[in-house]
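Next comes query23.tsv, with TSV, C-alpha atoms.
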```
chain	number	residue	atom	x	y	z
A	1	MET	CA	-9.37	3.29	21.25
A	2	ASP	CA	-11.02	6.59	22.21
A	3	LEU	CA	-11.05	8.82	19.13
A	4	VAL	CA	-12.84	11.73	20.83
A	5	PRO	CA	-9.67	13.87	21.29
A	6	PHE	CA	-8.79	13.47	17.61
A	7	ILE	CA	-12.36	14.12	16.45
A	8	ASP	CA	-12.49	17.28	18.58
A	9	ARG	CA	-9.23	18.35	16.96
A	10	MET	CA	-10.72	17.70	13.51
A	11	ARG	CA	-13.76	19.85	14.33
A	12	ALA	CA	-11.53	22.71	15.46
A	13	THR	CA	-9.40	22.45	12.31
A	14	PHE	CA	-12.53	22.29	10.14
A	15	ALA	CA	-13.92	25.45	11.75
A	16	ASP	CA	-10.59	27.23	11.22
A	17	ILE	CA	-10.51	26.22	7.55
A	18	GLU	CA	-14.07	27.44	6.99
A	19	LYS	CA	-13.04	30.77	8.52
A	20	GLN	CA	-10.08	30.97	6.12
A	21	MET	CA	-12.27	30.12	3.13
A	22	SER	CA	-14.68	32.95	3.98
A	23	ASP	CA	-11.87	35.48	3.45
A	24	PRO	CA	-12.14	37.03	-0.07
A	25	ASP	CA	-8.33	36.92	-0.41
A	26	PHE	CA	-8.24	33.18	0.27
A	27	TYR	CA	-8.53	32.24	-3.41
A	28	SER	CA	-5.79	34.59	-4.60
A	29	ASP	CA	-3.22	31.85	-3.96
A	30	ARG	CA	-4.51	29.07	-6.20
A	31	GLU	CA	-2.14	26.34	-5.04
A	32	ARG	CA	-2.81	27.01	-1.37
A	33	SER	CA	-6.56	27.27	-1.86
A	34	GLU	CA	-6.64	23.93	-3.67
A	35	THR	CA	-4.62	22.23	-0.92
A	36	VAL	CA	-6.77	23.68	1.85
A	37	GLY	CA	-9.90	22.89	-0.15
A	38	ARG	CA	-8.95	19.21	-0.37
A	39	GLU	CA	-8.38	19.11	3.40
A	40	HIS	CA	-11.75	20.81	3.92
A	41	GLN	CA	-13.47	18.13	1.84
A	42	ARG	CA	-11.63	15.33	3.67
A	43	LEU	CA	-12.62	16.67	7.08
A	44	ALA	CA	-16.21	17.34	5.97
A	45	THR	CA	-16.56	13.71	4.87
A	46	LEU	CA	-15.06	12.35	8.10
A	47	LEU	CA	-17.09	14.61	10.39
A	48	SER	CA	-20.25	13.63	8.50
A	49	ALA	CA	-19.36	9.99	9.21
A	50	CYS	CA	-18.79	10.82	12.89
A	51	ASP	CA	-22.20	12.50	13.11
A	52	GLU	CA	-23.82	9.49	11.45
A	53	ILE	CA	-22.12	7.17	13.97
A	54	GLU	CA	-23.60	9.18	16.84
A	55	SER	CA	-27.03	9.09	15.20
A	56	CYS	CA	-26.84	5.32	14.72
A	57	ARG	CA	-25.75	4.80	18.33
A	58	GLN	CA	-28.69	6.88	19.54
A	59	GLN	CA	-31.06	4.77	17.43
A	60	VAL	CA	-29.55	1.60	18.92
A	61	ALA	CA	-30.11	2.99	22.43
A	62	ASP	CA	-33.71	3.89	21.60
A	63	ASN	CA	-34.29	0.38	20.24
A	64	GLN	CA	-32.80	-1.14	23.39
A	65	GLU	CA	-35.30	0.79	25.50
A	66	LEU	CA	-38.09	-0.48	23.25
A	67	LEU	CA	-36.88	-4.07	23.63
A	68	GLN	CA	-36.92	-3.75	27.41
A	69	SER	CA	-40.33	-2.08	27.67
A	70	ASP	CA	-42.41	-3.60	24.86
A	71	GLU	CA	-43.70	-7.16	24.63
A	72	ASP	CA	-45.08	-6.99	21.09
A	73	PRO	CA	-43.24	-9.79	19.20
A	74	GLU	CA	-43.44	-7.94	15.89
A	75	LEU	CA	-41.95	-4.74	17.32
A	76	ILE	CA	-39.26	-6.75	19.11
A	77	ASN	CA	-38.28	-8.50	15.87
A	78	MET	CA	-38.20	-5.19	14.00
A	79	ALA	CA	-36.06	-3.50	16.68
A	80	THR	CA	-33.68	-6.47	16.82
A	81	ALA	CA	-33.24	-6.52	13.04
A	82	ASP	CA	-32.82	-2.75	12.97
A	83	ASN	CA	-30.10	-2.90	15.63
A	84	ALA	CA	-28.21	-5.56	13.68
A	85	GLU	CA	-28.17	-3.29	10.61
A	86	LEU	CA	-27.21	-0.27	12.71
A	87	GLU	CA	-24.33	-2.10	14.40
A	88	SER	CA	-23.03	-3.20	11.01
A	89	ARG	CA	-23.24	0.38	9.76
A	90	ILE	CA	-21.46	1.69	12.86
A	91	GLN	CA	-18.67	-0.84	12.37
A	92	ALA	CA	-18.18	0.23	8.74
A	93	LEU	CA	-18.19	3.93	9.65
A	94	ASP	CA	-15.78	3.39	12.55
A	95	LEU	CA	-13.35	1.72	10.16
A	96	LYS	CA	-13.73	4.57	7.66
A	97	VAL	CA	-13.01	7.20	10.30
A	98	LEU	CA	-10.12	5.26	11.81
A	99	THR	CA	-8.36	4.63	8.50
A	100	GLN	CA	-8.65	8.27	7.39
A	101	ILE	CA	-8.45	10.25	10.61
A	102	LEU	CA	-4.77	11.06	10.12
A	103	PRO	CA	-3.89	13.58	7.38
A	104	PRO	CA	-2.57	11.80	4.28
A	105	SER	CA	1.20	11.61	3.97
A	106	THR	CA	3.00	13.11	0.99
A	107	ASN	CA	3.46	9.60	-0.43
A	108	GLU	CA	-0.13	8.37	-0.28
A	109	SER	CA	-1.24	9.91	-3.55
A	110	ARG	CA	1.92	8.93	-5.39
A	111	ASN	CA	2.18	6.35	-8.11
A	112	THR	CA	4.18	3.35	-6.97
A	113	ILE	CA	6.92	1.06	-8.25
A	114	VAL	CA	6.88	-2.54	-6.99
A	115	GLU	CA	9.90	-4.83	-7.24
A	116	ILE	CA	9.50	-8.56	-6.58
A	117	ARG	CA	12.25	-11.20	-6.49
A	118	PRO	CA	12.44	-14.81	-5.29
A	119	ALA	CA	14.73	-15.28	-2.29
A	120	ALA	CA	15.02	-18.68	-0.55
A	121	GLY	CA	13.46	-21.69	-2.21
A	122	GLY	CA	14.67	-21.88	-5.81
A	123	ASP	CA	12.03	-22.67	-8.43
A	124	GLU	CA	9.21	-22.71	-5.88
A	125	ALA	CA	10.10	-19.19	-4.76
A	126	ALA	CA	10.12	-18.05	-8.41
A	127	LEU	CA	6.66	-19.57	-8.91
A	128	PHE	CA	5.32	-17.84	-5.82
A	129	ALA	CA	6.78	-14.54	-7.01
A	130	ALA	CA	4.57	-14.96	-10.10
A	131	ASP	CA	1.59	-15.70	-7.82
A	132	LEU	CA	2.15	-12.45	-5.89
A	133	VAL	CA	2.36	-10.44	-9.11
A	134	ARG	CA	-0.94	-11.95	-10.22
A	135	MET	CA	-2.50	-11.12	-6.83
A	136	TYR	CA	-1.47	-7.48	-7.00
A	137	CYS	CA	-2.52	-7.11	-10.64
A	138	ARG	CA	-5.95	-8.62	-9.97
A	139	PHE	CA	-6.39	-6.27	-7.00
A	140	ALA	CA	-5.28	-3.33	-9.17
A	141	GLU	CA	-8.09	-4.20	-11.61
A	142	THR	CA	-10.67	-3.87	-8.83
A	143	ARG	CA	-9.28	-0.44	-7.91
A	144	LYS	CA	-8.98	0.63	-11.54
A	145	TRP	CA	-5.25	1.16	-11.14
A	146	ARG	CA	-3.08	1.12	-14.24
A	147	VAL	CA	-0.32	-1.53	-14.27
A	148	GLU	CA	2.83	-1.01	-16.36
A	149	THR	CA	5.59	-3.61	-16.49
A	150	LEU	CA	8.98	-1.90	-16.32
A	151	SER	CA	11.24	-4.96	-16.36
A	152	ARG	CA	10.66	-8.69	-16.15
A	153	THR	CA	12.70	-11.87	-16.34
A	154	ASP	CA	10.82	-15.20	-16.47
A	155	THR	CA	12.10	-18.64	-15.51
A	156	PRO	CA	11.69	-21.75	-17.68
A	157	LEU	CA	9.06	-23.23	-15.30
A	158	GLY	CA	6.75	-20.22	-15.45
A	159	GLY	CA	8.09	-18.39	-12.43
A	160	LEU	CA	9.82	-15.03	-12.17
A	161	LYS	CA	13.48	-14.30	-11.63
A	162	ASP	CA	12.62	-10.64	-11.07
A	163	ILE	CA	10.01	-8.07	-12.00
A	164	SER	CA	9.47	-4.34	-11.60
A	165	PHE	CA	6.11	-2.75	-12.38
A	166	SER	CA	4.39	0.54	-11.69
A	167	LEU	CA	0.90	1.09	-10.31
A	168	ARG	CA	-0.96	4.30	-11.09
A	169	GLY	CA	-4.27	5.36	-9.58
A	170	ASP	CA	-6.00	6.66	-6.47
A	171	GLU	CA	-4.26	6.02	-3.13
A	172	VAL	CA	-1.95	3.38	-4.58
A	173	TYR	CA	0.89	3.87	-2.11
A	174	ARG	CA	-1.54	4.14	0.81
A	175	ALA	CA	-2.39	0.47	0.41
A	176	MET	CA	0.77	-0.96	-1.15
A	177	GLN	CA	3.24	0.50	1.37
A	178	PHE	CA	2.44	-2.34	3.77
A	179	GLU	CA	3.60	-4.97	1.26
A	180	SER	CA	7.31	-4.19	1.61
A	181	GLY	CA	9.23	-7.07	3.14
A	182	VAL	CA	9.69	-10.84	2.96
A	183	HIS	CA	6.65	-12.96	2.06
A	184	ARG	CA	6.85	-16.60	3.09
A	185	VAL	CA	4.89	-19.42	1.44
A	186	GLN	CA	4.33	-22.91	2.85
A	187	ARG	CA	2.87	-25.42	0.40
A	188	ILE	CA	3.48	-28.65	-1.49
A	189	PRO	CA	5.10	-27.76	-4.85
A	190	ALA	CA	3.63	-29.28	-7.99
A	191	THR	CA	6.96	-31.03	-8.57
A	192	GLU	CA	7.02	-32.61	-5.08
A	193	THR	CA	6.20	-36.32	-5.35
A	194	SER	CA	6.46	-37.21	-1.66
A	195	GLY	CA	3.86	-34.68	-0.51
A	196	ARG	CA	6.35	-32.74	1.61
A	197	ILE	CA	5.55	-29.12	2.44
A	198	HIS	CA	8.20	-26.66	1.26
A	199	THR	CA	8.91	-23.23	2.72
A	200	SER	CA	10.07	-20.50	0.33
A	201	THR	CA	10.40	-16.72	0.47
A	202	VAL	CA	9.96	-13.81	-1.90
A	203	THR	CA	11.05	-10.20	-1.35
A	204	VAL	CA	8.76	-7.30	-2.16
A	205	ALA	CA	9.94	-3.68	-2.24
A	206	VAL	CA	7.42	-0.85	-2.68
A	207	LEU	CA	8.79	2.52	-3.77
A	208	PRO	CA	6.84	5.80	-4.03
A	209	GLU	CA	7.52	7.08	-7.54
A	210	ALA	CA	9.49	10.32	-7.59
A	211	GLU	CA	8.96	13.26	-9.88
A	212	GLU	CA	11.95	14.65	-11.75
A	213	VAL	CA	11.82	17.95	-9.84
A	214	GLU	CA	11.99	16.19	-6.45
A	215	ILE	CA	15.29	14.40	-6.89
A	216	GLU	CA	18.23	16.20	-8.45
A	217	ILE	CA	20.44	13.80	-10.37
A	218	ARG	CA	23.53	15.34	-11.91
A	219	PRO	CA	24.55	13.80	-15.25
A	220	GLN	CA	28.18	13.67	-14.11
A	221	ASP	CA	27.13	11.39	-11.21
A	222	LEU	CA	25.81	8.70	-13.57
A	223	ARG	CA	27.64	5.87	-15.29
A	224	ILE	CA	25.57	4.50	-18.17
A	225	ASP	CA	26.39	1.14	-19.75
A	226	VAL	CA	24.58	-0.48	-22.67
A	227	PHE	CA	24.54	-4.21	-23.38
A	228	ARG	CA	22.55	-6.84	-25.20
A	229	SER	CA	19.36	-8.21	-23.70
A	230	GLN	CA	19.76	-11.70	-22.32
A	231	GLY	CA	17.56	-14.60	-21.32
A	232	PRO	CA	13.78	-14.92	-20.93
A	233	GLY	CA	12.02	-11.57	-20.77
A	234	GLY	CA	14.67	-9.71	-22.76
A	235	GLN	CA	13.44	-8.64	-26.16
A	236	SER	CA	15.63	-8.48	-29.26
A	237	VAL	CA	17.98	-10.92	-27.54
A	238	ASN	CA	21.53	-10.80	-28.93
A	239	THR	CA	20.59	-8.55	-31.83
A	240	THR	CA	21.00	-4.98	-30.56
A	241	ASP	CA	22.63	-3.24	-27.61
A	242	SER	CA	19.27	-2.04	-26.27
A	243	ALA	CA	19.63	-2.93	-22.58
A	244	VAL	CA	20.75	-0.13	-20.25
A	245	ARG	CA	22.38	-0.13	-16.82
A	246	ILE	CA	22.60	3.15	-14.90
A	247	THR	CA	24.81	3.47	-11.83
A	248	HIS	CA	24.45	6.44	-9.50
A	249	GLU	CA	28.00	6.67	-8.24
A	250	PRO	CA	27.48	8.84	-5.09
A	251	SER	CA	24.96	6.36	-3.67
A	252	GLY	CA	26.21	3.18	-5.33
A	253	LEU	CA	22.69	2.37	-6.57
A	254	SER	CA	22.55	0.52	-9.89
A	255	VAL	CA	19.47	-0.12	-12.05
A	256	ALA	CA	19.24	-2.11	-15.29
A	257	SER	CA	16.41	-2.33	-17.82
A	258	GLN	CA	16.17	-4.65	-20.83
A	259	GLN	CA	12.40	-5.00	-21.19
A	260	GLU	CA	12.00	-2.78	-24.25
A	261	LYS	CA	13.47	-2.94	-27.75
A	262	SER	CA	14.42	0.73	-27.60
A	263	GLN	CA	17.58	1.78	-25.77
A	264	HIS	CA	15.96	5.17	-25.16
A	265	ARG	CA	12.91	3.54	-23.55
A	266	ASN	CA	15.06	1.27	-21.35
A	267	ARG	CA	17.02	4.30	-20.20
A	268	GLU	CA	13.79	6.09	-19.31
A	269	ILE	CA	12.59	3.10	-17.27
A	270	ALA	CA	15.92	2.73	-15.47
A	271	MET	CA	15.87	6.43	-14.56
A	272	ARG	CA	12.33	6.15	-13.16
A	273	ILE	CA	13.34	3.28	-10.90
A	274	LEU	CA	16.60	4.96	-9.88
A	275	ARG	CA	14.81	8.20	-9.05
A	276	SER	CA	12.29	6.35	-6.87
A	277	ARG	CA	15.01	4.44	-5.03
A	278	LEU	CA	16.84	7.69	-4.33
A	279	LEU	CA	13.60	9.27	-3.06
A	280	GLU	CA	13.05	6.36	-0.71
A	281	MET	CA	16.65	6.62	0.51
A	282	LYS	CA	16.20	10.34	1.12
A	283	GLN	CA	12.94	9.84	3.02
A	284	GLN	CA	14.46	7.11	5.17
A	285	GLU	CA	17.37	9.39	6.05
A	286	GLU	CA	14.96	12.18	7.03
A	287	ALA	CA	12.82	9.82	9.12
A	288	ALA	CA	15.93	8.54	10.90
A	289	LYS	CA	16.56	12.05	12.24
A	290	HIS	CA	13.32	11.85	14.25
A	291	ALA	CA	13.13	8.15	15.12
A	292	ALA	CA	15.26	5.05	15.36
A	293	LYS	CA	16.31	3.97	11.90
A	294	ARG	CA	13.96	1.28	10.65
A	295	LYS	CA	15.16	-1.96	9.15
A	296	SER	CA	15.60	-2.36	5.41
A	297	GLN	CA	12.40	-3.23	3.55
A	298	ILE	CA	13.54	-6.60	2.34
A	299	GLY	CA	16.50	-7.62	4.49
A	300	THR	CA	18.44	-10.57	3.19
A	301	GLY	CA	15.45	-12.65	2.15
A	302	ASP	CA	16.10	-15.17	4.93
A	303	ARG	CA	13.01	-17.10	6.05
A	304	SER	CA	13.18	-15.60	9.55
A	305	GLU	CA	12.74	-12.03	8.25
A	306	ARG	CA	9.16	-12.53	7.14
A	307	ILE	CA	6.33	-10.02	7.34
A	308	ARG	CA	3.63	-12.42	6.11
A	309	THR	CA	3.08	-16.16	5.71
A	310	TYR	CA	0.84	-17.86	3.15
A	311	ASN	CA	0.09	-21.31	4.57
A	312	PHE	CA	-1.68	-23.44	1.96
A	313	PRO	CA	-2.37	-26.56	4.13
A	314	GLN	CA	-4.20	-24.38	6.68
A	315	ASN	CA	-5.77	-22.02	4.10
A	316	ARG	CA	-4.35	-19.17	6.16
A	317	VAL	CA	-2.60	-15.85	5.52
A	318	THR	CA	-0.92	-14.32	8.58
A	319	ASP	CA	0.62	-10.87	8.88
A	320	HIS	CA	3.28	-11.12	11.56
A	321	ARG	CA	3.71	-7.39	12.10
A	322	TYR	CA	0.09	-6.84	13.12
A	323	GLY	CA	-0.91	-10.26	14.44
A	324	LEU	CA	-3.74	-10.58	11.90
A	325	SER	CA	-4.88	-13.71	10.05
A	326	TRP	CA	-7.33	-14.45	7.24
A	327	HIS	CA	-8.67	-17.80	6.02
A	328	ASN	CA	-9.35	-17.15	2.36
A	329	LEU	CA	-5.99	-17.87	0.79
A	330	PRO	CA	-7.18	-18.88	-2.73
A	331	GLY	CA	-9.45	-15.84	-2.94
A	332	MET	CA	-6.72	-13.51	-1.71
A	333	LEU	CA	-4.28	-14.79	-4.33
A	334	GLU	CA	-6.98	-13.93	-6.89
A	335	GLY	CA	-6.83	-10.32	-5.71
A	336	ASP	CA	-9.38	-10.30	-2.87
A	337	ILE	CA	-7.08	-8.41	-0.49
A	338	GLY	CA	-9.09	-5.22	0.11
A	339	GLN	CA	-10.21	-6.36	3.57
A	340	MET	CA	-6.62	-7.22	4.48
A	341	PHE	CA	-5.46	-3.73	3.52
A	342	ASP	CA	-8.32	-2.07	5.44
A	343	GLU	CA	-7.58	-4.02	8.63
A	344	ILE	CA	-3.84	-3.39	8.40
A	345	ILE	CA	-4.35	0.34	7.79
A	346	ALA	CA	-6.79	0.52	10.73
A	347	LEU	CA	-4.41	-1.22	13.13
A	348	ASP	CA	-1.43	0.78	11.90
A	349	THR	CA	-3.41	4.01	12.40
A	350	THR	CA	-4.40	2.92	15.91
A	351	ARG	CA	-0.76	2.36	16.83
A	352	ARG	CA	0.24	5.74	15.43
A	353	LEU	CA	-2.56	7.51	17.29
A	354	GLU	CA	-1.65	5.77	20.55
A	355	ALA	CA	1.97	6.80	20.09
A	356	GLU	CA	0.85	10.39	19.48
A	357	LEU	CA	-1.21	10.40	22.67
A	358	ALA	CA	1.74	8.98	24.63
A	359	GLU	CA	4.08	11.80	23.57
```
Please, can you express the file's structure as structure tokens?
Amino acid sequence: MDLVPFIDRMRATFADIEKQMSDPDFYSDRERSETVGREHQRLATLLSACDEIESCRQQVADNQELLQSDEDPELINMATADNAELESRIQALDLKVLTQILPPSTNESRNTIVEIRPAAGGDEAALFAADLVRMYCRFAETRKWRVETLSRTDTPLGGLKDISFSLRGDEVYRAMQFESGVHRVQRIPATETSGRIHTSTVTVAVLPEAEEVEIEIRPQDLRIDVFRSQGPGGQSVNTTDSAVRITHEPSGLSVASQQEKSQHRNREIAMRILRSRLLEMKQQEEAAKHAAKRKSQIGTGDRSERIRTYNFPQNRVTDHRYGLSWHNLPGMLEGDIGQMFDEIIALDTTRRLEAELAE
């Protein structure tokens, strides 16, 4: 799409910010100056990329003229190779500008809580839930994100009954927000003797982590129950009442934690998850005032409510929301999903920009 109107808008905003920053009183408000300073840096980086794109395109045009007017084989080879490098550079810069042209949302810099549960498919769904956790954790390593398990219940076959974990680092929610929904897997389970392909589903919910000051939770609105940890994943099983369940009665939300030996620690984890669920609920309610209310992140877990399919026989991963496919399934399950995120963010940004132009 044509980004010129948005780039022109960025240049105007950048000039206005530079004017503000030249005022001696600008730095008297530290919080405001830091916020505006970050936006100044973001725009400076993007506009520098835009200028480089224009420079590269001019060099391509100059090379094209050379190719049409010169018959020297060596010069022709050099110009052709140079254009290939320039086109590759332009493509990379275009993607950078497109994925960052919109101002970051309030959630993008937040830490994130991810909840994964098997839905349809029994043991195979539980095994694939474990595969998804591994994929996200491997990707987190490449981004230097910190992973913290908040709660986890394993199954006897090595799968997961449920898991909640937090991700902390740069732009965590920016990437992970697109993972919310039903993930479908099509493959032959290890226990299948007839070679029949099974279809299973796993639900993924991604919650921006809330700060205590953002969500007011009155103590009188909470019902707190303690119980003994049970089953795989619960520590100190049947020895102490360390597990905690917190119910927020006004909303009906209930969160339980039994991962830790300490009742105090389990309560802290449950409150973190509860606070993040309440923040998401609040943000959805606010968004619904300005647009049609979107569907729940995870629906019922039915196979038809999928956002993505992992097809092992065809070595293919398909995102049904954006009509994108990749053919590197084993590598992606090992955490090589950066390209997927970049392409999804680019297409999502394009749709948002087109909607803005249509208004």
Taking all atoms of stretch 249-267 of chain A that the file lists, what box with edges along x, y and z, padded by 4 Å per side, do you get, with centre and edge lengths in Å to one decimal, as JSON?
```
{"center_x": 20.0, "center_y": 1.9, "center_z": -15.7, "size_x": 24.0, "size_y": 21.8, "size_z": 32.1}
```
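Counting from atom CA of A:Asp225, the distance to atom CA of A:Glu148 is 23.9 Å.
Between atom CA of A:His327 and atom CA of A:Asn315 there is a distance of 5.5 Å.
Take atom CA of A:Asp25 and atom CA of A:Arg11: the distance between them is 23.2 Å.
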Contact residues around stretch 59-73 of chain A with only C-alpha atoms at 12 Å, ignoring same-chain residues under 6 positions, as a ChimeraX atom specification: /A:52-53,79-90
